[in-house]
file model-v4.cif (mmCIF, C-alpha atoms)
data_entry
loop_
_atom_site.label_atom_id
_atom_site.label_comp_id
_atom_site.auth_asym_id
_atom_site.auth_seq_id
_atom_site.Cartn_x
_atom_site.Cartn_y
_atom_site.Cartn_z
CA MET A 1 16.28 31.99 29.17
CA GLN A 2 19.12 34.39 29.85
CA VAL A 3 19.60 37.50 27.74
CA GLY A 4 22.36 37.04 25.14
CA LYS A 5 22.29 33.25 25.19
CA SER A 6 21.41 32.29 21.63
CA VAL A 7 22.21 29.54 19.14
CA PHE A 8 22.06 30.37 15.43
CA PHE A 9 21.16 27.62 12.95
CA LEU A 10 22.19 28.77 9.47
CA PHE A 11 19.92 27.75 6.60
CA ILE A 12 21.67 30.01 4.10
CA ASN A 13 23.08 27.45 1.67
CA GLY A 14 21.03 25.72 -1.00
CA PRO A 15 17.83 23.84 -0.11
CA HIS A 16 19.75 20.56 -0.35
CA HIS A 17 21.52 21.54 2.90
CA VAL A 18 18.33 22.30 4.83
CA TYR A 19 17.12 18.72 5.24
CA HIS A 20 20.33 17.77 7.04
CA LEU A 21 20.03 20.52 9.65
CA ILE A 22 16.30 21.02 10.15
CA GLU A 23 15.64 18.04 12.45
CA PRO A 24 18.49 18.86 14.90
CA ALA A 25 17.48 22.53 14.90
CA LEU A 26 13.84 21.76 15.66
CA ARG A 27 14.82 19.23 18.30
CA PHE A 28 17.04 21.84 19.98
CA ALA A 29 14.17 24.33 19.80
CA THR A 30 11.85 21.80 21.45
CA ASP A 31 14.01 20.38 24.23
CA ASN A 32 16.09 23.37 25.25
CA ASN A 33 14.95 26.29 27.38
CA GLN A 34 18.29 27.83 28.23
CA TYR A 35 19.26 29.25 24.84
CA GLU A 36 17.20 31.10 22.28
CA PRO A 37 17.23 29.14 18.99
CA ILE A 38 17.47 31.48 16.00
CA PHE A 39 16.90 30.02 12.53
CA VAL A 40 18.36 32.09 9.68
CA SER A 41 16.93 31.46 6.21
CA GLY A 42 18.69 32.78 3.13
CA ASN A 43 15.96 32.30 0.54
CA PRO A 44 12.19 31.66 0.22
CA ILE A 45 12.61 27.94 -0.53
CA ASN A 46 14.52 27.36 2.69
CA THR A 47 11.93 29.35 4.62
CA LYS A 48 9.13 27.17 3.28
CA ILE A 49 10.99 23.96 4.24
CA ILE A 50 11.51 25.27 7.77
CA LYS A 51 7.85 26.19 8.19
CA ASP A 52 6.58 22.95 6.66
CA SER A 53 8.88 20.85 8.84
CA GLN A 54 7.77 22.59 12.01
CA ARG A 55 4.40 20.81 11.86
CA LEU A 56 6.01 17.70 13.40
CA TYR A 57 7.46 19.79 16.23
CA SER A 58 4.46 21.80 17.39
CA SER A 59 6.17 22.71 20.65
CA ALA A 60 9.35 23.99 18.97
CA SER A 61 9.94 27.62 19.85
CA PHE A 62 12.43 29.64 17.79
CA LYS A 63 12.98 33.00 16.17
CA LEU A 64 13.11 33.02 12.36
CA ILE A 65 15.24 35.57 10.54
CA ASP A 66 14.12 35.50 6.91
CA ILE A 67 16.73 37.39 4.87
CA PRO A 68 15.05 38.95 1.79
CA LEU A 69 16.36 38.15 -1.66
CA PRO A 70 18.22 40.96 -3.42
CA LEU A 71 15.93 42.86 -5.80
CA ARG A 72 17.73 41.52 -8.87
CA TYR A 73 16.49 37.99 -8.04
CA TRP A 74 12.94 39.21 -8.57
CA LEU A 75 13.52 41.44 -11.61
CA ILE A 76 16.33 40.05 -13.78
CA LYS A 77 15.65 36.88 -15.73
CA SER A 78 19.16 35.42 -15.39
CA TYR A 79 18.90 35.73 -11.61
CA LYS A 80 15.35 34.40 -11.36
CA ALA A 81 16.59 31.00 -12.56
CA LYS A 82 19.03 30.69 -9.65
CA LEU A 83 18.06 28.78 -6.56
CA TYR A 84 19.70 31.02 -4.00
CA PRO A 85 22.15 33.93 -3.60
CA PRO A 86 25.81 33.36 -2.62
CA VAL A 87 26.24 32.45 1.04
CA ASN A 88 28.45 35.44 1.85
CA THR A 89 25.69 37.86 0.79
CA ARG A 90 23.40 36.22 3.33
CA LEU A 91 25.95 36.30 6.12
CA ASN A 92 26.68 39.97 5.50
CA LYS A 93 23.13 40.75 6.58
CA ILE A 94 23.52 39.26 10.07
CA VAL A 95 27.11 40.04 11.10
CA SER A 96 26.14 42.14 14.11
CA LYS A 97 23.77 39.43 15.38
CA LEU A 98 26.34 36.65 15.01
CA LYS A 99 28.89 38.56 17.09
CA ASN A 100 26.69 38.15 20.16
CA ALA A 101 25.70 34.51 19.62
CA SER A 102 26.66 31.73 22.00
CA ALA A 103 26.97 29.26 19.13
CA ILE A 104 26.53 28.97 15.38
CA VAL A 105 25.56 25.67 13.72
CA SER A 106 26.27 25.38 10.01
CA THR A 107 26.58 22.90 7.15
CA SER A 108 29.02 25.15 5.25
CA HIS A 109 32.80 24.63 5.19
CA GLU A 110 33.26 28.36 4.61
CA LEU A 111 31.83 29.57 7.92
CA PRO A 112 35.13 29.77 9.90
CA LYS A 113 36.73 31.83 7.13
CA TYR A 114 33.84 34.26 7.21
CA ILE A 115 33.83 34.41 11.02
CA ASN A 116 37.55 35.20 11.11
CA LYS A 117 37.24 37.81 8.38
CA ASN A 118 34.62 39.65 10.41
CA LYS A 119 36.52 39.24 13.70
CA ILE A 120 33.69 37.37 15.37
CA LYS A 121 35.16 35.83 18.53
CA ARG A 122 32.41 34.84 20.93
CA PRO A 123 30.35 31.97 19.46
CA LYS A 124 31.37 28.34 19.40
CA LEU A 125 31.19 26.95 15.86
CA PHE A 126 29.52 23.60 15.11
CA TYR A 127 29.79 21.89 11.73
CA LEU A 128 27.15 19.33 10.73
CA TYR A 129 27.87 17.14 7.71
CA HIS A 130 25.44 17.60 4.80
CA GLY A 131 25.93 14.10 3.47
CA THR A 132 28.09 11.03 3.95
CA GLY A 133 30.23 11.02 0.83
CA THR A 134 33.84 9.86 0.66
CA ARG A 135 35.37 12.40 -1.70
CA GLU A 136 38.16 14.69 -0.46
CA TYR A 137 35.67 17.55 -0.25
CA GLY A 138 34.18 16.05 2.91
CA PHE A 139 37.56 16.12 4.65
CA ASP A 140 38.56 19.66 3.85
CA ASN A 141 41.16 21.21 6.20
CA LYS A 142 38.79 24.17 6.59
CA LEU A 143 36.76 22.00 8.96
CA ASP A 144 39.47 22.48 11.57
CA GLY A 145 38.21 26.04 11.91
CA PHE A 146 35.15 24.72 13.75
CA ASP A 147 35.16 24.07 17.48
CA TYR A 148 33.11 20.90 17.05
CA ILE A 149 32.30 18.59 14.14
CA LEU A 150 29.07 16.59 14.21
CA ALA A 151 30.08 13.58 12.11
CA PRO A 152 27.83 10.81 10.75
CA GLY A 153 29.77 7.86 12.10
CA PRO A 154 33.02 5.91 12.51
CA TYR A 155 34.19 6.27 8.90
CA HIS A 156 34.14 10.07 8.95
CA ARG A 157 35.54 10.24 12.47
CA ASP A 158 38.47 7.98 11.61
CA ARG A 159 39.24 9.67 8.32
CA LEU A 160 39.13 13.16 9.85
CA ILE A 161 41.72 11.94 12.35
CA ASN A 162 43.87 9.89 9.94
CA ASP A 163 43.95 12.71 7.36
CA ASP A 164 45.01 15.16 10.10
CA VAL A 165 42.01 17.37 9.46
CA CYS A 166 41.31 18.04 13.13
CA ASP A 167 41.88 16.85 16.66
CA GLU A 168 39.79 13.89 17.78
CA LYS A 169 38.45 15.96 20.69
CA LYS A 170 36.45 18.08 18.25
CA ILE A 171 34.48 15.17 16.79
CA ARG A 172 31.07 13.98 17.97
CA MET A 173 29.31 11.13 16.14
CA VAL A 174 25.60 11.81 15.57
CA GLY A 175 24.38 9.70 12.65
CA GLN A 176 22.61 11.24 9.66
CA PRO A 177 19.70 13.53 10.62
CA LYS A 178 18.30 13.67 7.09
CA LEU A 179 17.39 9.98 7.27
CA GLU A 180 15.19 10.87 10.22
CA TRP A 181 13.49 13.58 8.18
CA ILE A 182 12.80 11.18 5.32
CA LYS A 183 11.28 8.58 7.64
CA ASN A 184 9.06 11.20 9.27
CA ASN A 185 7.81 12.70 6.01
CA HIS A 186 7.57 10.02 3.31
CA PRO A 187 5.05 7.18 3.50
CA SER A 188 6.60 4.25 1.65
CA LYS A 189 3.31 3.23 0.00
CA THR A 190 3.08 6.37 -2.14
CA ASN A 191 3.45 5.73 -5.89
CA LEU A 192 4.83 8.34 -8.30
CA PHE A 193 3.66 6.44 -11.41
CA ASN A 194 0.35 4.99 -12.55
CA ASN A 195 1.77 1.48 -12.63
CA GLU A 196 3.58 -1.00 -10.40
CA ASN A 197 6.76 -1.25 -12.50
CA PRO A 198 10.24 -1.04 -10.96
CA VAL A 199 11.48 2.52 -10.39
CA PHE A 200 15.03 3.56 -11.33
CA TYR A 201 16.44 6.79 -9.88
CA TYR A 202 19.11 8.52 -12.01
CA ASN A 203 20.99 11.10 -9.92
CA PRO A 204 24.12 12.50 -11.64
CA HIS A 205 26.55 14.81 -9.85
CA TRP A 206 26.63 18.58 -10.47
CA GLU A 207 30.34 18.93 -11.30
CA MET A 208 30.54 18.19 -15.02
CA GLU A 209 34.22 17.18 -14.82
CA ILE A 210 33.24 14.08 -12.84
CA SER A 211 29.53 13.75 -13.63
CA SER A 212 27.84 11.39 -16.11
CA TYR A 213 25.16 13.98 -16.89
CA LEU A 214 26.37 15.37 -20.23
CA SER A 215 27.66 12.16 -21.80
CA TRP A 216 25.06 9.69 -20.47
CA ARG A 217 21.81 11.60 -20.08
CA ASN A 218 20.57 10.63 -23.56
CA VAL A 219 21.78 7.06 -23.15
CA VAL A 220 19.69 6.70 -20.01
CA LEU A 221 16.62 8.45 -21.40
CA ASP A 222 16.68 6.60 -24.72
CA PHE A 223 16.76 3.27 -22.93
CA PHE A 224 13.76 4.02 -20.75
CA ARG A 225 11.79 5.48 -23.66
CA LYS A 226 12.15 2.13 -25.39
CA HIS A 227 11.48 0.05 -22.28
CA LYS A 228 8.15 1.08 -20.84
CA GLU A 229 8.24 -1.86 -18.44
CA TYR A 230 10.57 0.23 -16.29
CA ASN A 231 10.01 3.62 -14.67
CA LEU A 232 12.70 6.31 -14.54
CA ILE A 233 13.13 9.30 -12.26
CA PHE A 234 15.63 11.53 -14.06
CA ALA A 235 16.72 13.79 -11.18
CA PRO A 236 20.18 15.40 -11.29
CA HIS A 237 21.55 17.30 -8.34
CA PRO A 238 19.76 20.71 -8.29
CA LEU A 239 23.06 22.50 -8.89
CA VAL A 240 23.14 20.98 -12.41
CA LYS A 241 20.50 23.48 -13.47
CA HIS A 242 21.66 26.17 -11.07
CA HIS A 243 25.16 26.31 -12.60
CA SER A 244 24.24 25.68 -16.25
CA LYS A 245 24.48 29.28 -17.47
CA ARG A 246 27.65 30.10 -15.57
CA LYS A 247 29.33 26.84 -16.63
CA ASN A 248 28.06 27.23 -20.21
CA TYR A 249 26.35 23.89 -20.81
CA LYS A 250 22.81 23.36 -22.02
CA ILE A 251 20.00 21.79 -20.06
CA ASN A 252 18.20 19.50 -22.48
CA ASN A 253 15.41 16.99 -21.94
CA GLN A 254 13.30 19.23 -19.69
CA ASP A 255 10.18 18.25 -21.65
CA ASP A 256 10.95 14.54 -22.02
CA SER A 257 8.65 13.33 -19.26
CA SER A 258 6.27 10.53 -20.24
CA GLU A 259 4.08 7.92 -18.59
CA ASN A 260 7.15 6.05 -17.34
CA ILE A 261 9.65 8.95 -17.07
CA ILE A 262 9.72 11.83 -14.59
CA ILE A 263 12.13 14.66 -15.45
CA ASP A 264 12.89 16.77 -12.39
CA LEU A 265 15.52 19.51 -12.49
CA ASP A 266 14.37 21.86 -9.76
CA SER A 267 11.47 20.64 -7.60
CA PRO A 268 11.63 20.11 -3.80
CA LYS A 269 11.63 16.36 -4.40
CA LEU A 270 15.24 16.62 -5.57
CA ASN A 271 16.29 17.35 -2.02
CA ASP A 272 13.71 16.03 0.40
CA GLY A 273 14.29 12.28 0.09
CA THR A 274 11.14 11.50 -1.92
CA TYR A 275 13.02 9.68 -4.66
CA ASN A 276 15.17 7.83 -2.17
CA ALA A 277 12.14 6.50 -0.34
CA LEU A 278 10.14 5.51 -3.43
CA SER A 279 12.69 3.98 -5.84
CA ASP A 280 14.01 0.46 -6.34
CA VAL A 281 17.39 0.92 -8.06
CA TYR A 282 19.86 3.82 -7.90
CA ILE A 283 21.78 4.97 -10.99
CA GLY A 284 24.50 7.53 -10.39
CA ASP A 285 28.16 8.46 -10.59
CA VAL A 286 30.00 10.15 -7.71
CA SER A 287 27.18 11.88 -5.84
CA SER A 288 27.16 11.31 -2.08
CA MET A 289 23.42 10.76 -2.49
CA VAL A 290 24.22 7.08 -2.99
CA THR A 291 25.34 6.77 0.63
CA GLU A 292 22.05 8.33 1.68
CA TRP A 293 20.36 5.72 -0.52
CA ILE A 294 22.22 2.80 1.07
CA ASN A 295 21.88 4.14 4.60
CA PHE A 296 18.13 4.65 4.26
CA LYS A 297 17.55 1.15 2.88
CA PRO A 298 20.05 -1.20 1.14
CA ARG A 299 19.06 -1.65 -2.52
CA PRO A 300 20.78 -2.23 -5.87
CA CYS A 301 23.10 0.47 -7.23
CA ILE A 302 24.49 1.12 -10.73
CA PHE A 303 27.46 3.48 -11.12
CA ILE A 304 28.38 5.13 -14.42
CA ASN A 305 32.10 5.61 -14.98
CA ALA A 306 31.67 8.35 -17.57
CA HIS A 307 35.30 9.53 -17.55
CA ASN A 308 37.11 6.17 -17.64
CA THR A 309 38.44 6.74 -14.16
CA SER A 310 40.82 4.22 -12.62
CA TRP A 311 38.72 4.03 -9.51
CA GLU A 312 39.65 0.81 -7.73
CA GLY A 313 41.63 1.56 -4.61
CA ASN A 314 40.74 5.27 -4.83
CA GLU A 315 39.03 6.32 -1.60
CA ASN A 316 37.13 9.08 -3.44
CA TYR A 317 35.22 6.29 -5.18
CA ASN A 318 34.60 4.21 -2.07
CA MET A 319 30.88 4.06 -2.82
CA TRP A 320 31.46 2.19 -6.10
CA ARG A 321 32.26 -0.91 -4.04
CA TYR A 322 28.57 -1.23 -3.25
CA GLY A 323 27.16 -1.71 -6.75
CA THR A 324 27.83 -2.47 -10.41
CA VAL A 325 30.15 -0.09 -12.28
CA THR A 326 29.81 0.41 -16.04
CA ASP A 327 31.51 2.53 -18.69
CA ASP A 328 29.79 0.84 -21.66
CA PRO A 329 26.42 2.13 -22.93
CA ASN A 330 26.03 -1.05 -24.97
CA ASN A 331 25.87 -3.09 -21.78
CA PHE A 332 23.34 -0.83 -20.08
CA LYS A 333 20.36 -3.05 -20.89
CA ASN A 334 21.92 -6.12 -19.27
CA ILE A 335 22.96 -4.20 -16.17
CA ILE A 336 19.44 -2.81 -15.73
CA LYS A 337 17.94 -6.28 -16.05
CA ASP A 338 20.47 -7.88 -13.69
CA SER A 339 19.92 -5.22 -11.03
CA LEU A 340 16.34 -6.41 -10.55
CA SER A 341 17.15 -10.08 -10.16
CA ASN A 342 19.38 -9.77 -7.11
CA ASN A 343 21.57 -7.45 -5.06
CA PRO A 344 24.94 -9.20 -4.60
CA TYR A 345 26.17 -6.16 -2.69
CA HIS A 346 23.53 -6.35 0.04
CA LYS A 347 25.93 -7.64 2.70
CA LYS A 348 28.48 -4.96 1.85
CA GLN A 349 25.77 -2.30 2.03
CA ILE A 350 24.74 -3.46 5.51
CA GLU A 351 28.40 -3.29 6.58
CA HIS A 352 28.55 0.18 5.05
CA GLN A 353 25.60 1.30 7.19
CA GLN A 354 27.33 0.14 10.34
CA ARG A 355 30.58 1.84 9.40
CA PHE A 356 29.14 5.12 8.16
CA ILE A 357 26.18 5.72 10.51
CA HIS A 358 26.62 5.93 14.26
CA GLN A 359 24.31 3.51 16.05
CA SER A 360 22.51 4.80 19.13
CA ASP A 361 19.28 4.39 21.08
CA SER A 362 18.80 8.15 20.68
CA SER A 363 17.76 9.67 17.36
CA SER A 364 20.29 11.57 15.30
CA SER A 365 18.56 14.89 15.94
CA GLU A 366 18.54 14.22 19.69
CA LEU A 367 22.26 13.49 19.65
CA CYS A 368 22.97 16.71 17.75
CA ALA A 369 20.83 18.86 20.03
CA ASN A 370 22.23 17.26 23.18
CA TYR A 371 25.84 17.65 22.07
CA ILE A 372 25.35 21.31 21.21
CA LEU A 373 23.82 22.01 24.60
CA LYS A 374 26.42 19.94 26.44
CA GLU A 375 29.37 21.65 24.78
CA LEU A 376 27.90 25.07 25.43
CA GLU A 377 27.48 24.29 29.11
CA PHE A 378 30.61 22.25 29.78
CA GLY A 379 32.88 22.48 26.73
CA HIS A 380 36.16 24.31 26.80
#

call {"tool": "encode", "arguments": {"input": "model-v4.cif", "output": "structure tokens"}}
result
Amino acid sequence: MQVGKSVFFLFINGPHHVYHLIEPALRFATDNNQYEPIFVSGNPINTKIIKDSQRLYSSASFKLIDIPLPLRYWLIKSYKAKLYPPVNTRLNKIVSKLKNASAIVSTSHELPKYINKNKIKRPKLFYLYHGTGTREYGFDNKLDGFDYILAPGPYHRDRLINDDVCDEKKIRMVGQPKLEWIKNNHPSKTNLFNNENPVFYYNPHWEMEISSYLSWRNVVLDFFRKHKEYNLIFAPHPLVKHHSKRKNYKINNQDDSSENIIIDLDSPKLNDGTYNALSDVYIGDVSSMVTEWINFKPRPCIFINAHNTSWEGNENYNMWRYGTVTDDPNNFKNIIKDSLSNNPYHKKQIEHQQRFIHQSDSSSSELCANYILKELEFGH
């Protein structure tokens, strides 16, 4: 390994980003002996995920930079409730190290802006998608600031090109590494409940302007309280709780768990694919988690149109084509029942897999690691 040849993998966003990047990073740290892999963790949760995941890659060799939390996150109550500090505060701690890197791999759109601000010129920048959603967010023009974009599959490649986000030469299709992590870490026979009833997974988005969380949370919970023949995992995106104080909305229902209801607002299971692997029906709104659900294993989906959106033909709501859409709480019972009898969208979901996830004989993490190494050695 030559001095000064290093690749930084940034785990400085929320824990929900880590599971997308950890498999490629560990694969790179296992297969490569030309560059020093350096993993940068921005908070204790991310550090734990990295160390726990390493058990499947016993030969992975990397340096871990564990950036300490600011003191206020240990002492002040309002900060203790937050999952992680702002990304820029983490990056500020490693500026000098990044300037000498050969490459930086990140799941954050904001990295090029930060790199330019700090006049960091040397490293090649790689962006890895942290999801496979279809909202405009995933096709932000900021992505053009990266040298290479590791995209899930044909849909994201084509849309990046058609929306003039970046040049086609920047795009490499790699699949979805998080699906690999889920398969490696979650035995499908595990049961979260003390019964064999169907499991419904409610996963509302974190942006309240488009989420069903505030207006439908009690509708969903009330139904499952009355219908013990069904199990419910009530598991919003972790940023729902993280942003509650700043956005000034209340987190209710934290103590509503029962024999057939799991309430989870902040555990690792929100991010690590547990609920994806162990549920039968997905209930959501606009979260890109639904594409992870379909891509892992096609199953019934229910979408809540909480804001009376005219969604048909709107590419931001592409995922709603793969399940039943409802805006009527009074019809919720029938939709739940119907979802268990059949999945009329199964064929469409299979087609979705083929369109959204690159198919290859190599694993997603292998493709990512190989592309990074190849572009470092031969890219221009």

call {"tool": "closest_residue", "arguments": {"input": "model-v4.cif", "among": "A:Ser287, A:Ser339, A:Asn185, A:Asn92", "to": "Pro198 in chain A", "atoms": "all atoms listed in the file"}}
result
A:Ser339

call {"tool": "residues_around", "arguments": {"input": "model-v4.cif", "residues": "range 310-323 of chain A", "least_positions_apart": "3", "cutoff": "10 Å", "atoms": "all atoms listed in the file", "output": "PyMOL selection string"}}
result
chain A and resi 133-138+282-288+290-291+294+298-305+307+326+339+343-350+352

call {"tool": "write_last_selection", "arguments": {"input": "model-v4.cif", "atoms": "C-alpha atoms", "output": "tab-separated table (two decimals), in the frame of the given file"}}
result
chain	number	residue	atom	x	y	z
A	133	GLY	CA	30.23	11.02	0.83
A	134	THR	CA	33.84	9.86	0.66
A	135	ARG	CA	35.37	12.40	-1.70
A	136	GLU	CA	38.16	14.69	-0.46
A	137	TYR	CA	35.67	17.55	-0.25
A	138	GLY	CA	34.18	16.05	2.91
A	282	TYR	CA	19.86	3.82	-7.90
A	283	ILE	CA	21.78	4.97	-10.99
A	284	GLY	CA	24.50	7.53	-10.39
A	285	ASP	CA	28.16	8.46	-10.59
A	286	VAL	CA	30.00	10.15	-7.71
A	287	SER	CA	27.18	11.88	-5.84
A	288	SER	CA	27.16	11.31	-2.08
A	290	VAL	CA	24.22	7.08	-2.99
A	291	THR	CA	25.34	6.77	0.63
A	294	ILE	CA	22.22	2.80	1.07
A	298	PRO	CA	20.05	-1.20	1.14
A	299	ARG	CA	19.06	-1.65	-2.52
A	300	PRO	CA	20.78	-2.23	-5.87
A	301	CYS	CA	23.10	0.47	-7.23
A	302	ILE	CA	24.49	1.12	-10.73
A	303	PHE	CA	27.46	3.48	-11.12
A	304	ILE	CA	28.38	5.13	-14.42
A	305	ASN	CA	32.10	5.61	-14.98
A	307	HIS	CA	35.30	9.53	-17.55
A	326	THR	CA	29.81	0.41	-16.04
A	339	SER	CA	19.92	-5.22	-11.03
A	343	ASN	CA	21.57	-7.45	-5.06
A	344	PRO	CA	24.94	-9.20	-4.60
A	345	TYR	CA	26.17	-6.16	-2.69
A	346	HIS	CA	23.53	-6.35	0.04
A	347	LYS	CA	25.93	-7.64	2.70
A	348	LYS	CA	28.48	-4.96	1.85
A	349	GLN	CA	25.77	-2.30	2.03
A	350	ILE	CA	24.74	-3.46	5.51
A	352	HIS	CA	28.55	0.18	5.05

call {"tool": "closest_atom_pairs", "arguments": {"input": "model-v4.cif", "of": "range 161-198 of chain A", "to": "range 142-151 of chain A", "cutoff": "10 Å", "atoms": "only C-alpha atoms", "output": "CSV"}}
result
residue,atom,partner,partner_atom,distance
A:Asp164,CA,A:Asp144,CA,9.3
A:Val165,CA,A:Asp144,CA,6.1
A:Cys166,CA,A:Asp144,CA,5.1
A:Asp167,CA,A:Asp144,CA,8.0
A:Glu168,CA,A:Ile149,CA,9.6
A:Lys169,CA,A:Tyr148,CA,8.1
A:Lys170,CA,A:Tyr148,CA,4.5
A:Ile171,CA,A:Ile149,CA,4.8
A:Arg172,CA,A:Leu150,CA,5.0
A:Met173,CA,A:Ala151,CA,4.8
A:Val174,CA,A:Ala151,CA,5.9
A:Gly175,CA,A:Ala151,CA,6.9
A:Gln176,CA,A:Ala151,CA,8.2

call {"tool": "atom_distance", "arguments": {"input": "model-v4.cif", "atom1": "CA of Ile94 in chain A", "atom2": "CA of Arg122 in chain A"}}
result
14.7 Å

call {"tool": "resolve_selection", "arguments": {"input": "model-v4.cif", "expression": "the PyMOL selection byres ((chain A and resi 45) around 9)", "output": "VMD selection string"}}
result
chain A and resid 14 to 15 41 to 44 46 to 50 83 to 84 268

call {"tool": "residues_around", "arguments": {"input": "model-v4.cif", "residues": "range 227-236 of chain A", "least_positions_apart": "6", "cutoff": "8 Å", "atoms": "only C-alpha atoms", "output": "short mmCIF file (atom, residue, chain, number, x, y, z; two decimals) with C-alpha atoms, keeping the file's coordinate frame"}}
result
data_model
loop_
_atom_site.label_atom_id
_atom_site.label_comp_id
_atom_site.auth_asym_id
_atom_site.auth_seq_id
_atom_site.Cartn_x
_atom_site.Cartn_y
_atom_site.Cartn_z
CA PHE A 193 3.66 6.44 -11.41
CA ASN A 197 6.76 -1.25 -12.50
CA PRO A 198 10.24 -1.04 -10.96
CA VAL A 199 11.48 2.52 -10.39
CA PHE A 200 15.03 3.56 -11.33
CA TYR A 201 16.44 6.79 -9.88
CA TYR A 202 19.11 8.52 -12.01
CA ASN A 203 20.99 11.10 -9.92
CA PRO A 204 24.12 12.50 -11.64
CA HIS A 205 26.55 14.81 -9.85
CA TRP A 206 26.63 18.58 -10.47
CA TYR A 213 25.16 13.98 -16.89
CA ASN A 260 7.15 6.05 -17.34
CA ILE A 261 9.65 8.95 -17.07
CA ILE A 262 9.72 11.83 -14.59
CA ILE A 263 12.13 14.66 -15.45
CA ASP A 264 12.89 16.77 -12.39
CA LEU A 265 15.52 19.51 -12.49
CA LEU A 270 15.24 16.62 -5.57
CA TYR A 275 13.02 9.68 -4.66
#

call {"tool": "atom_distance", "arguments": {"input": "model-v4.cif", "atom1": "CA of Arg225 in chain A", "atom2": "CA of Lys250 in chain A"}}
result
21.1 Å

call {"tool": "residues_near_point", "arguments": {"input": "model-v4.cif", "point": "(34.2, 30.9, 18.6)", "cutoff": "10 Å", "atoms": "all atoms listed in the file", "output": "number ranges by chain"}}
result
A: 99, 101-104, 112, 115-116, 119-126, 145-147

call {"tool": "write_last_selection", "arguments": {"input": "model-v4.cif", "atoms": "C-alpha atoms", "output": "tab-separated table (two decimals), in the coordinates of the input"}}
result
chain	number	residue	atom	x	y	z
A	99	LYS	CA	28.89	38.56	17.09
A	101	ALA	CA	25.70	34.51	19.62
A	102	SER	CA	26.66	31.73	22.00
A	103	ALA	CA	26.97	29.26	19.13
A	104	ILE	CA	26.53	28.97	15.38
A	112	PRO	CA	35.13	29.77	9.90
A	115	ILE	CA	33.83	34.41	11.02
A	116	ASN	CA	37.55	35.20	11.11
A	119	LYS	CA	36.52	39.24	13.70
A	120	ILE	CA	33.69	37.37	15.37
A	121	LYS	CA	35.16	35.83	18.53
A	122	ARG	CA	32.41	34.84	20.93
A	123	PRO	CA	30.35	31.97	19.46
A	124	LYS	CA	31.37	28.34	19.40
A	125	LEU	CA	31.19	26.95	15.86
A	126	PHE	CA	29.52	23.60	15.11
A	145	GLY	CA	38.21	26.04	11.91
A	146	PHE	CA	35.15	24.72	13.75
A	147	ASP	CA	35.16	24.07	17.48

call {"tool": "closest_residue", "arguments": {"input": "model-v4.cif", "among": "A:Lys333, A:Lys183, A:His358, A:Lys113", "to": "Thr274 in chain A", "atoms": "only C-alpha atoms"}}
result
A:Lys183

call {"tool": "axis_aligned_box", "arguments": {"input": "model-v4.cif", "around": "range 247-250 of chain A", "padding_each_side": "6 Å", "output": "JSON"}}
result
{"center_x": 26.1, "center_y": 25.3, "center_z": -19.3, "size_x": 18.5, "size_y": 15.9, "size_z": 17.4}

call {"tool": "atom_distance", "arguments": {"input": "model-v4.cif", "atom1": "CA of Pro177 in chain A", "atom2": "CA of Pro152 in chain A"}}
result
8.6 Å

call {"tool": "resolve_selection", "arguments": {"input": "model-v4.cif", "expression": "the PyMOL selection byres ((chain A and resi 5) around 12)", "output": "ChimeraX atom specification"}}
result
/A:1-4,6-8,32-38,97-104,122-124,373,376-377

call {"tool": "resolve_selection", "arguments": {"input": "model-v4.cif", "expression": "the PyMOL selection byres ((chain A and resi 57) around 12)", "output": "PyMOL selection string"}}
result
chain A and resi 22-31+50-56+58-62+181+184

call {"tool": "closest_residue", "arguments": {"input": "model-v4.cif", "among": "A:Arg90, A:Lys337, A:Lys245, A:His17", "to": "Ser108 in chain A", "atoms": "only C-alpha atoms"}}
result
A:His17

call {"tool": "closest_residue", "arguments": {"input": "model-v4.cif", "among": "A:His186, A:Asn195, A:Glu259, A:Phe139", "to": "Asp158 in chain A", "atoms": "all atoms listed in the file"}}
result
A:Phe139

call {"tool": "closest_residue", "arguments": {"input": "model-v4.cif", "among": "A:Ser363, A:Arg217, A:Val87, A:Ile182", "to": "Gly273 in chain A", "atoms": "all atoms listed in the file"}}
result
A:Ile182

call {"tool": "closest_residue", "arguments": {"input": "model-v4.cif", "among": "A:Ser257, A:Ser279, A:Asn252, A:Thr309", "to": "Glu209 in chain A", "atoms": "all atoms listed in the file"}}
result
A:Thr309
